Structures are given as C-alpha cells and as structure tokens.
Amino acid sequence: MHSRHLIDLSDLSVSELEEITRLACDIKQNTDTYYGACRGKILATLFYEPSTRTQMSFQTAMLRLGGRIIGFDNPANSSVSKGESLKDTIRVVSGYSDIIVLRHPVSGSAKAASLYSRVPIINAGDGGHLHPTQTLTDLVTLRVEKGRFSGLCIGVCGDLKYGRTVHSLIKAMASFPGNSFVLVSTPSLGVPEYIKDYLSAAGAPWVEINNLAEAMPLVDVLYMTRIQRERFASESEYQNQRGVYILDREKMARAKKDMIVMHPLPRVDEITVDVDDDPRAKYFEQTEYGLYARMALILKMTENTAKRLDTPPRGTGTKCSNPDCITHREGYLPNLFRKSGDLLVCEYCEERAPQ
Amino acid sequence: MHSRHLIDLSDLSVSELEEITRLACDIKQNTDTYYGACRGKILATLFYEPSTRTQMSFQTAMLRLGGRIIGFDNPANSSVSKGESLKDTIRVVSGYSDIIVLRHPVSGSAKAASLYSRVPIINAGDGGHLHPTQTLTDLVTLRVEKGRFSGLCIGVCGDLKYGRTVHSLIKAMASFPGNSFVLVSTPSLGVPEYIKDYLSAAGAPWVEINNLAEAMPLVDVLYMTRIQRERFASESEYQNQRGVYILDREKMARAKKDMIVMHPLPRVDEITVDVDDDPRAKYFEQTEYGLYARMALILKMTENTAKRLDTPPRGTGTKCSNPDCITHREGYLPNLFRKSGDLLVCEYCEERAPQ
Amino acid sequence: MHSRHLIDLSDLSVSELEEITRLACDIKQNTDTYYGACRGKILATLFYEPSTRTQMSFQTAMLRLGGRIIGFDNPANSSVSKGESLKDTIRVVSGYSDIIVLRHPVSGSAKAASLYSRVPIINAGDGGHLHPTQTLTDLVTLRVEKGRFSGLCIGVCGDLKYGRTVHSLIKAMASFPGNSFVLVSTPSLGVPEYIKDYLSAAGAPWVEINNLAEAMPLVDVLYMTRIQRERFASESEYQNQRGVYILDREKMARAKKDMIVMHPLPRVDEITVDVDDDPRAKYFEQTEYGLYARMALILKMTENTAKRLDTPPRGTGTKCSNPDCITHREGYLPNLFRKSGDLLVCEYCEERAPQ
C-alpha cells in the first residue's frame, strides 16, 4: 500500500480498493488457507470508547489469520488512558504489537497516533471521522453480491445529512463509472451540498426523493440507515413521517428481484424483522463480509514487518480552528494543514479555514 | 450429537452423556494430545451478565484445544447489548465464530438464540435455567473419582428447594441403575415434589434427613451447596440451624474412607477451610474436571463444521404465561410449546400451563 | 530457578539475574525463534486492581512465546473477586493455567497466593510491595544500552523516599561492583536511611544532591521518576521547586554524550516532550525491553511443567502488626515470620516487629 496507515478511505487508491476487495473475496472462498498468514503477529485494539461489535470484528479477523490480539476496551477502567498522552501510549503499544486499531472519541486522533507509531494504524472511528473499514465492508458486499462496482443504481435512505457512512460510500462509488444515486430522506435531512457537488463533478446522475416506496423499483442496491427520532423537525413530524422511511415487506414487494438491501448495523426499527427472511436482505451477510474485508486489510498492512518511527513533520504556528480537534487536547502535536483551493484543511480533523 | 445445541441437559441422551464423560476422562489423561483439535476455530463467549469463573472455564477449554476466543463480559459497557435484538447479535456473532457460549439473565434466552444461530449454542445459564455444563462437570467428577455412575449412595445437602444444580444432578443420576439418594435440608428447603415423583418413578430409593451429621456415614458422595441466609425461615432459625448444614472436620470423621465431597463453587462458609486438606475433598479437582468436560463438549459440538441457518419454526397465537420469559422481551420470537400430559410447556422457559 | 515463584526480586540470585537478563537480550535479537516456546501453555493474569499497561506487557510476552492468555482486569465486575477467598480462586485458576500473574491491592497477597498455587506465581504488584519485573526490565535496559551492570554512575531523581521502583533498582545495582549513586531529590524526599546503610554496607559510593542540573554531568544513567504535587512540603515549594526536578533539553545539554535516560512510565511532565527526540532518551525502548524481560522470565518459570501443591507451612500464634497485611483479610493464612537480627519480619508484607 502506498500509505502505511489507514486513517481515511482516501488513503487507498482506486486500484488498492480493487485489490483489497478482490483479496477479501478470495479469503471468503478459501478462509482456512489464510489461517497462519499472520502467525506470530499481534494486533492491538485500543478502544478509548467502547464499540464491542467493531472490536470483535477486528479481533476475529486477526484470529482467523492465525495472529494474536491484545488491547483494552474500557477507558474508565484503563490506567493507560489516565493521565498519559496519546503519543506515549502509542509509542509503547507499537513496541508490543505489529498493527494497531484505534477507536477514540476525539477528531483527528488516528492521524495524531500515526505520527508516533512504529507500526501501521487503522482508524476504527475518531469522533467526527468515520472508520474507513465500514466502507471497505460495503464495497466487499457489493463485489460479492453484485459482482461489480459499476453500472449500479444505488439508493441510500435515512439520515443523509449527518450519516457519514453514507457520505463515504457515495464518494467511493462515484469513483467508478456508470453508477447513479437515489437519495431518499426528509427534506431537512438530505445530503450536504458538497456531496451533490462531488457527484455532479464526477458525472454521476442523482435524484432526491422524499419517499422510500417510490424509490424501491429504481434501485439495484438499497443502503438503509436510521433516522434518529431527535433529527426529525418535530415530534409530530416524527410520528407522521417515520413510517415513510421504514423498510417493510410491502415496500420490498416493489423492488427488483435481484436488488439487495444493506445496512451497517445495528438496526433498531428502520427495517422490520420480517424483511430478514427475504433473500434480498444482505445486512447480516454484510457483517461477515466485513470480517473478510478486515482480514484482507490486516494482511496487506502487515506484509512489510519492519517497525520504524518516522520523524514527525514540522508544524506551522497556526492552530486548527476546530475546538474539538485533537491538537487542542494534546499540545505537543505539530499543526499540520494542506491547501485546498483557497482553504487550509487541518490534516487531523479535516476542518477547513480560509488561508 | 443428535441435537446441534446444548440448551438443557436433556438435549444429551444417556449414551451421549456416557460418551462425553468418557472423552473428558481421556482428555484428562492426555491433555496435550488434544492441543490443536480445534485449531483455527473460534469460540465466542457472550456474557450478558458477568460470571468470570464460568467464562474463564470455557475460554481455557477452547485454548487448551488450540482454538481462539472472542466475546464480551461487560454488559453495561457493551454496545452489542444496547438496543440490539438478541436475534441480530446472534446472527452477526454466529458469522464470526464456530461455537457460541451464552450467558443471559432472562429465562429462555438460550433457546431463543439457538433459533437464529448458524453455529452451535451452549447455554451457560439463562435466568431460571441452570447451565447444563455444571452437571456435566459433576458427572465427569464421579467418573474420575468413583469410576462409575451406578450403585452409589448420593447425599445432597443445602438448599434443595431452589438449588437447580442439585435438581439437575439428581435427575441425571436417577437415569443410572442402583443409585440411592440422601436428601439433607431444613424442613422448608427440601426438594420439590416433582423431584421426589421423578425418583420414585425411576425406582430410586431416597430418604430425607434434617441433619448432616446423621447422613455422613451413609453416603458415597456428598454434594454440598449453600443455604443463603435469607432462605432460612427466620434469623433465629438461621443462627440455630446453620451449623447443622456446615461441613467440618468433625462431621467428616463420621464418613466412609472412600467417600468424596463435591461442591459447585464458589463456597462461602458451608465447608470449613480445614476440610480442604482432607483427601476426600474433591471440589477443587471438580473445577478442573469441568475444564475437561467443556473440552469434550466443545470438541463434539464443533466436529461438524458446516454453518447453517435453520428456518425458525412457526409459532402459535398463545403467549407464554411467564412474564419473565424471553418471549415477552423479544417480540419477534415465535410462541413455541410442547404437550406434556394435559399441560403446555413453553419451549423457552419451561413454564407449564393448562392447554 | 531456585524459587518456584517470583514474589520479590530477592527470590532471584545474582546469577539468576544475570541469566535472565542475558536470555532477554537473546530474545530481543531473535524474537521470532522463541515463538512457540510456550506452545499450549496458558498464562492467567489475575488483576484485582486495573493496571492496563502491566497486564498488556505480560499478555504480549506470553503471546510472543506462542502461549495463550486468560484472566480478568475488572474487579468490580468480576464474580471471582466477590465473596471468594484468594485461596479458592488461586486453587481453581492454578488448575486452569500454567503460570499466574497476580496484581492485588493488599500487601502480601502474592506470597499468600503462592501458598495455594499449583503453578508459579509472578507478583505484578501487591500494595506496598513493588512488582519485581519492573526492576528486571531496568536491568535488561542497562544490559542492552550500557552493556554492563558494573562501573556505572547511576543518578536517580524524583521522589526517593516513597519511590519503591528506585529502592529496588538501587539495591539490585549495589550488588554489582564499581557502581556509584547520585541521589537527586528535595531535602524531605531523600532515600530512607536503610537504603543509605545498604549502600554503605555494600561499599558503593553515593552522594545526595538537591539539584538535577548539577547532577547531569556526573551520571552514566539517569533514572527519572515523578514527584507528586502533594509530596512537596507546601504548594509554594511545589511552584518554586518543581522545575528543578524536570528534565528538559537544557539539562540534557550538560550530560555525557553516551549517558542514557530511563523512566518506568507513565510519565506526566517530569520529562519535557522535546527530550523524547534525544537519542539518549531510552524510556520508550525500556518498555520494549520489559517485554523481553517478561518473556525470559515466563520461559524460565514454565520450564518445569509439573503442577504441584506444596503443603502450606505451619504458622505461629503471633499476628502481623501491620493492619493492612493480607493475613488480616484472609483468616485461614498461617502467620509466618523470619528472623532478622532482633526483629521478626512478616513473610507476607515485610513488616518488622520486635521479637
């Protein structure tokens, strides 16, 4: 891989995405032959906030490769997270392990950790950022279930304004040719303008619809997410509108025979339980494909085993303007920005500010 | 095994009990040769309530077979147990693992989990039900220490009314010929009538005694359990009577030379510490035999590795009358009953109701 | 090893210290060849108080040897630690595992555990006592970085009165010839008299200095520790004096070119972050050497695999005078003392009392 760490999905080129998802499919077919591929290697899962499902998925992936696991999941109880800088913890744990999976509540933590790690870091969620392995999971699901990343009509339904899983998937799929997008949400929870701009720039057709039933016949893939009660404009709108965005058997009856339903899980009530028995429901399979995606990723990232500590880059005098950025918590971090047109983008938390 | 899952001890036939305890004895003799028997396989321990000892026993069993372990033990901290149905969790985790050990506070959870699992489920305790591997442990102990399951005089002492470990052991041993039972308890904490009926139907002699000292000379095996303070009829009865049910050196002096003492542990004060040094005290060995019992069980249950999802059976319109039954918590579960004479027995929680 | 357990560093003879640190250095050079050396063996980490860093270090050590790990780290949540005696827990867990690492808040717990364990116990901290593997870590660091245990001028800085890590290191290094000691602290936090007596008896030169800057040019090794704010004589002394004991670039400029800086970690602010980039800063490497030290120790202690239970020694009628000693919590423990001149020393907590 051209990048040592996986902080954001953009760390993977399109050809690397192709390679990793292809490897994941081979692992799916021949899981047992990969047992032992990480023999003697150790994965550390450092979870500064609990996320049992994600942690279990990474742990299982490493164990299925024949590797071992260490880590913590209980920040309140953990002496590591008390009074010690992220830098020191990462320096120490990267001495113990061969690859680190980090989950942290503060924006930009994964990037910060990567500066001081002697081993590769995988971002499993750092505040505002989403964990890129969810999108990798989604891509493996499409490869297995649809056999292709192109020529698909992709419906996404739910909270499209704040749902970063969805943003990440849309951006990834817009990189491939011939995909179109059906965006299903309430008027106030549609995708942000910059996503629409992204789609238009990529030449991908898209349409916004306020009604899931209408969208059903159009899509090859339906990606469901949840709209949290408090995101509706009012309680009465919640009561009136929620049913519109719940996937049930009736709506499924309007869909194509070979359409598939995806969901990042856990689900609450946005898909009714009786849909589970429909062969087009693939959300449980999706979590298993996530296992293969993570196995493929760990395999690629630990191929080159030499530990090394890069010299951290020199920072500028300017501080990031986002008060929730990790740079405001861990004072030793260099201030790092990249230019994007007229803007400076913080390399930790992606906050944009005028130059 | 004729059943894929182990929800209740009755899922094992008498010949399967024989086979598994025999295998456990062989594992005890040749532990190292079984290392690797579960190579590449993963055991998931899903503990919705903490039970460190039980969890550690299952984990050690799998590790000694060369397998790997995942799981959680901290429901308050676990995102898995928050807001997600048992069905969804089981569907996902049975995609990650090859066998699941479930501990859950609600009656019938293990049966419920088995409906949606692609891999075998072992019940490690679900509310009212007891975990069947404790009784398996007890049987392995009898096989190792007494060499037989028949022709034994078995004393059970303590809370025989509510102590389900004891009920399960009595029922299992009554299946073998030539066993007799000495039931030692306070008048108000004796075994339920249905257990006495069971013994009489099986043709097994039994006697009730209110005094442990008197029972000592009779028994080949003494199974001690604790009477909780609040189970005595009154505080003054507790103060007067508790000593009668405490096993000490003095009472041990009245027992046969080759008698053995068992206890499911942890013990509090129902066996005095100085009894530990008596060679007839086998309760610490018993926990080690429990390890071999669980190794044998995991080995048998993972022999057939193909994952599969059975179609859940169709339920009836009648709800279970037990308000603590899992069917009242997880609404998607089909209502399942079997007939027993004039009664309907809930297949989850074993609650009986008139037809 | 002449002792089965490692309760205190004094359980290791000087030649055993040499042997284990030499083995640790070989493991550092050839880590991969040691993978599998503990194949099929299980290390139990019983942490009655959380210490994530220490636990992770032991777990990694066992995993890098190809062994497996069980244990708990969450006393509040653990049913093991509730209502069960230390003896019973140790009896059970030593049936499951091949070696036990114990961390416990009460003085003397490790010695107490060793009386009832069928497998070797490593003390990873028991209240007043320090965990001896920290000092083993320090010695491996000296062997790797300085190539010798003798002829060194060793500076120790910080809270020398209460800092047991430092006491243990001083005593260990005084056993080797040609070492001298520079003791840097505030007047009220100097080393206890008995340490000075120990040094004088060993013929090791030492000097006390109240100023870190002055000590810098003298030392081959600087062992930094933290002075906690509340240990200063007053808040104003804290504000005036704390800078004197903080290691920064300016002070580093006064040190020898081949001097090394050590610290047991975690650090707070007693070493400024910019010192990290100085090649003489070895505290992060030190934690990695701790891994090799623990690997060497586990390897030596599990060489003889036969489990056995020694008969606990008979105790005296006298109770230990330290109210925090484990003997006052666990009433079944025999009272054990050894003579030291006119004093009786408690074998659990090292409390000294007149005969």
# chains A, B, ... in the order shown; residues from 1 in each chain; ligands from 1

call {"tool": "interface_residues", "arguments": {"of": "chain B", "to": "chain C", "cutoff": "9 Å", "atoms": "only C-alpha atoms", "output": "number ranges by chain"}}
result
B: 32, 35-36, 50-53, 56-57, 59-61, 63-66, 68, 73-74, 265-268, 273-274, 284-285, 287-288, 291

call {"tool": "select_by_dssp", "arguments": {"residues": "region 13-84 of chain A", "states": "strand (DSSP E or B)", "output": "list in words"}}
result
Ile42, Leu43, Ala44, Thr45, Leu46, Phe47, Arg68, Ile69, Ile70, Gly71 and Phe72 of chain A

call {"tool": "residues_around", "arguments": {"residues": "region 162-179 of chain A", "least_positions_apart": "3", "cutoff": "7 Å", "atoms": "only C-alpha atoms", "output": "JSON list (two decimals) with all heavy atoms, in the first residue's frame"}}
result
[["chain", "number", "residue", "atom", "x", "y", "z"],
["A", 130, "LEU", "N", -15.39, 8.94, 10.18],
["A", 130, "LEU", "CA", -15.91, 7.59, 10.24],
["A", 130, "LEU", "C", -14.79, 6.60, 10.06],
["A", 130, "LEU", "O", -13.72, 6.94, 9.58],
["A", 130, "LEU", "CB", -16.96, 7.38, 9.17],
["A", 130, "LEU", "CG", -18.34, 7.13, 9.74],
["A", 130, "LEU", "CD1", -19.20, 6.50, 8.70],
["A", 130, "LEU", "CD2", -18.29, 6.22, 10.97],
["A", 135, "THR", "N", -16.76, 1.32, 5.06],
["A", 135, "THR", "CA", -16.94, 1.47, 3.61],
["A", 135, "THR", "C", -16.27, 0.33, 2.86],
["A", 135, "THR", "O", -16.80, -0.17, 1.87],
["A", 135, "THR", "CB", -16.40, 2.84, 3.17],
["A", 135, "THR", "OG1", -17.02, 3.84, 3.97],
["A", 135, "THR", "CG2", -16.71, 3.10, 1.71],
["A", 149, "PHE", "N", -18.62, -2.96, -9.31],
["A", 149, "PHE", "CA", -18.71, -1.66, -8.65],
["A", 149, "PHE", "C", -19.30, -0.61, -9.58],
["A", 149, "PHE", "O", -19.32, 0.57, -9.24],
["A", 149, "PHE", "CB", -17.33, -1.19, -8.20],
["A", 149, "PHE", "CG", -16.73, -2.00, -7.08],
["A", 149, "PHE", "CD1", -15.35, -2.10, -6.94],
["A", 149, "PHE", "CD2", -17.54, -2.66, -6.16],
["A", 149, "PHE", "CE1", -14.80, -2.84, -5.91],
["A", 149, "PHE", "CE2", -16.99, -3.39, -5.13],
["A", 149, "PHE", "CZ", -15.61, -3.48, -5.01],
["A", 150, "SER", "N", -19.71, -1.01, -10.76],
["A", 150, "SER", "CA", -20.13, -0.01, -11.75],
["A", 150, "SER", "C", -21.47, -0.39, -12.35],
["A", 150, "SER", "O", -21.93, -1.53, -12.22],
["A", 150, "SER", "CB", -19.07, 0.11, -12.84],
["A", 150, "SER", "OG", -18.82, -1.16, -13.39],
["A", 151, "GLY", "N", -22.09, 0.61, -12.97],
["A", 151, "GLY", "CA", -23.37, 0.36, -13.61],
["A", 151, "GLY", "C", -24.48, 0.03, -12.64],
["A", 151, "GLY", "O", -25.43, -0.68, -12.97],
["A", 152, "LEU", "N", -24.40, 0.56, -11.44],
["A", 152, "LEU", "CA", -25.40, 0.25, -10.41],
["A", 152, "LEU", "C", -26.22, 1.48, -10.07],
["A", 152, "LEU", "O", -25.69, 2.60, -10.00],
["A", 152, "LEU", "CB", -24.72, -0.25, -9.14],
["A", 152, "LEU", "CG", -23.98, -1.59, -9.24],
["A", 152, "LEU", "CD1", -23.16, -1.84, -7.98],
["A", 152, "LEU", "CD2", -24.97, -2.75, -9.47],
["A", 153, "CYS", "N", -27.50, 1.28, -9.85],
["A", 153, "CYS", "CA", -28.33, 2.34, -9.30],
["A", 153, "CYS", "C", -28.41, 2.12, -7.78],
["A", 153, "CYS", "O", -28.97, 1.12, -7.31],
["A", 153, "CYS", "CB", -29.73, 2.32, -9.91],
["A", 153, "CYS", "SG", -30.79, 3.58, -9.18],
["A", 159, "ASP", "N", -30.93, 9.20, 7.32],
["A", 159, "ASP", "CA", -30.36, 10.49, 7.67],
["A", 159, "ASP", "C", -29.14, 10.72, 6.78],
["A", 159, "ASP", "O", -28.04, 10.28, 7.09],
["A", 159, "ASP", "CB", -29.98, 10.48, 9.15],
["A", 159, "ASP", "CG", -29.29, 11.76, 9.56],
["A", 159, "ASP", "OD1", -29.00, 12.61, 8.69],
["A", 159, "ASP", "OD2", -29.03, 11.92, 10.77],
["A", 199, "LEU", "N", -20.82, 14.59, -6.65],
["A", 199, "LEU", "CA", -21.48, 13.71, -7.62],
["A", 199, "LEU", "C", -21.53, 14.35, -9.01],
["A", 199, "LEU", "O", -21.20, 13.72, -10.02],
["A", 199, "LEU", "CB", -22.90, 13.36, -7.15],
["A", 199, "LEU", "CG", -22.98, 12.38, -5.98],
["A", 199, "LEU", "CD1", -24.41, 12.23, -5.49],
["A", 199, "LEU", "CD2", -22.42, 11.01, -6.41],
["A", 202, "ALA", "N", -18.27, 14.35, -10.65],
["A", 202, "ALA", "CA", -17.90, 13.02, -11.11],
["A", 202, "ALA", "C", -18.76, 12.56, -12.28],
["A", 202, "ALA", "O", -18.53, 11.48, -12.84],
["A", 202, "ALA", "CB", -18.00, 12.02, -9.95],
["A", 204, "ALA", "N", -21.90, 11.70, -12.09],
["A", 204, "ALA", "CA", -22.81, 10.64, -11.68],
["A", 204, "ALA", "C", -24.22, 11.20, -11.52],
["A", 204, "ALA", "O", -24.42, 12.14, -10.75],
["A", 204, "ALA", "CB", -22.35, 10.02, -10.36]]

call {"tool": "residues_around", "arguments": {"residues": "Trp206 (chain C)", "least_positions_apart": "6", "cutoff": "6 Å", "atoms": "only C-alpha atoms", "output": "PyMOL selection string"}}
result
chain C and resi 180-182

call {"tool": "residues_around", "arguments": {"residues": "Glu214 (chain C)", "least_positions_apart": "6", "cutoff": "12 Å", "atoms": "only C-alpha atoms", "output": "ChimeraX atom specification"}}
result
/C:155,157,182-185,207-208,244-245,247,250-255
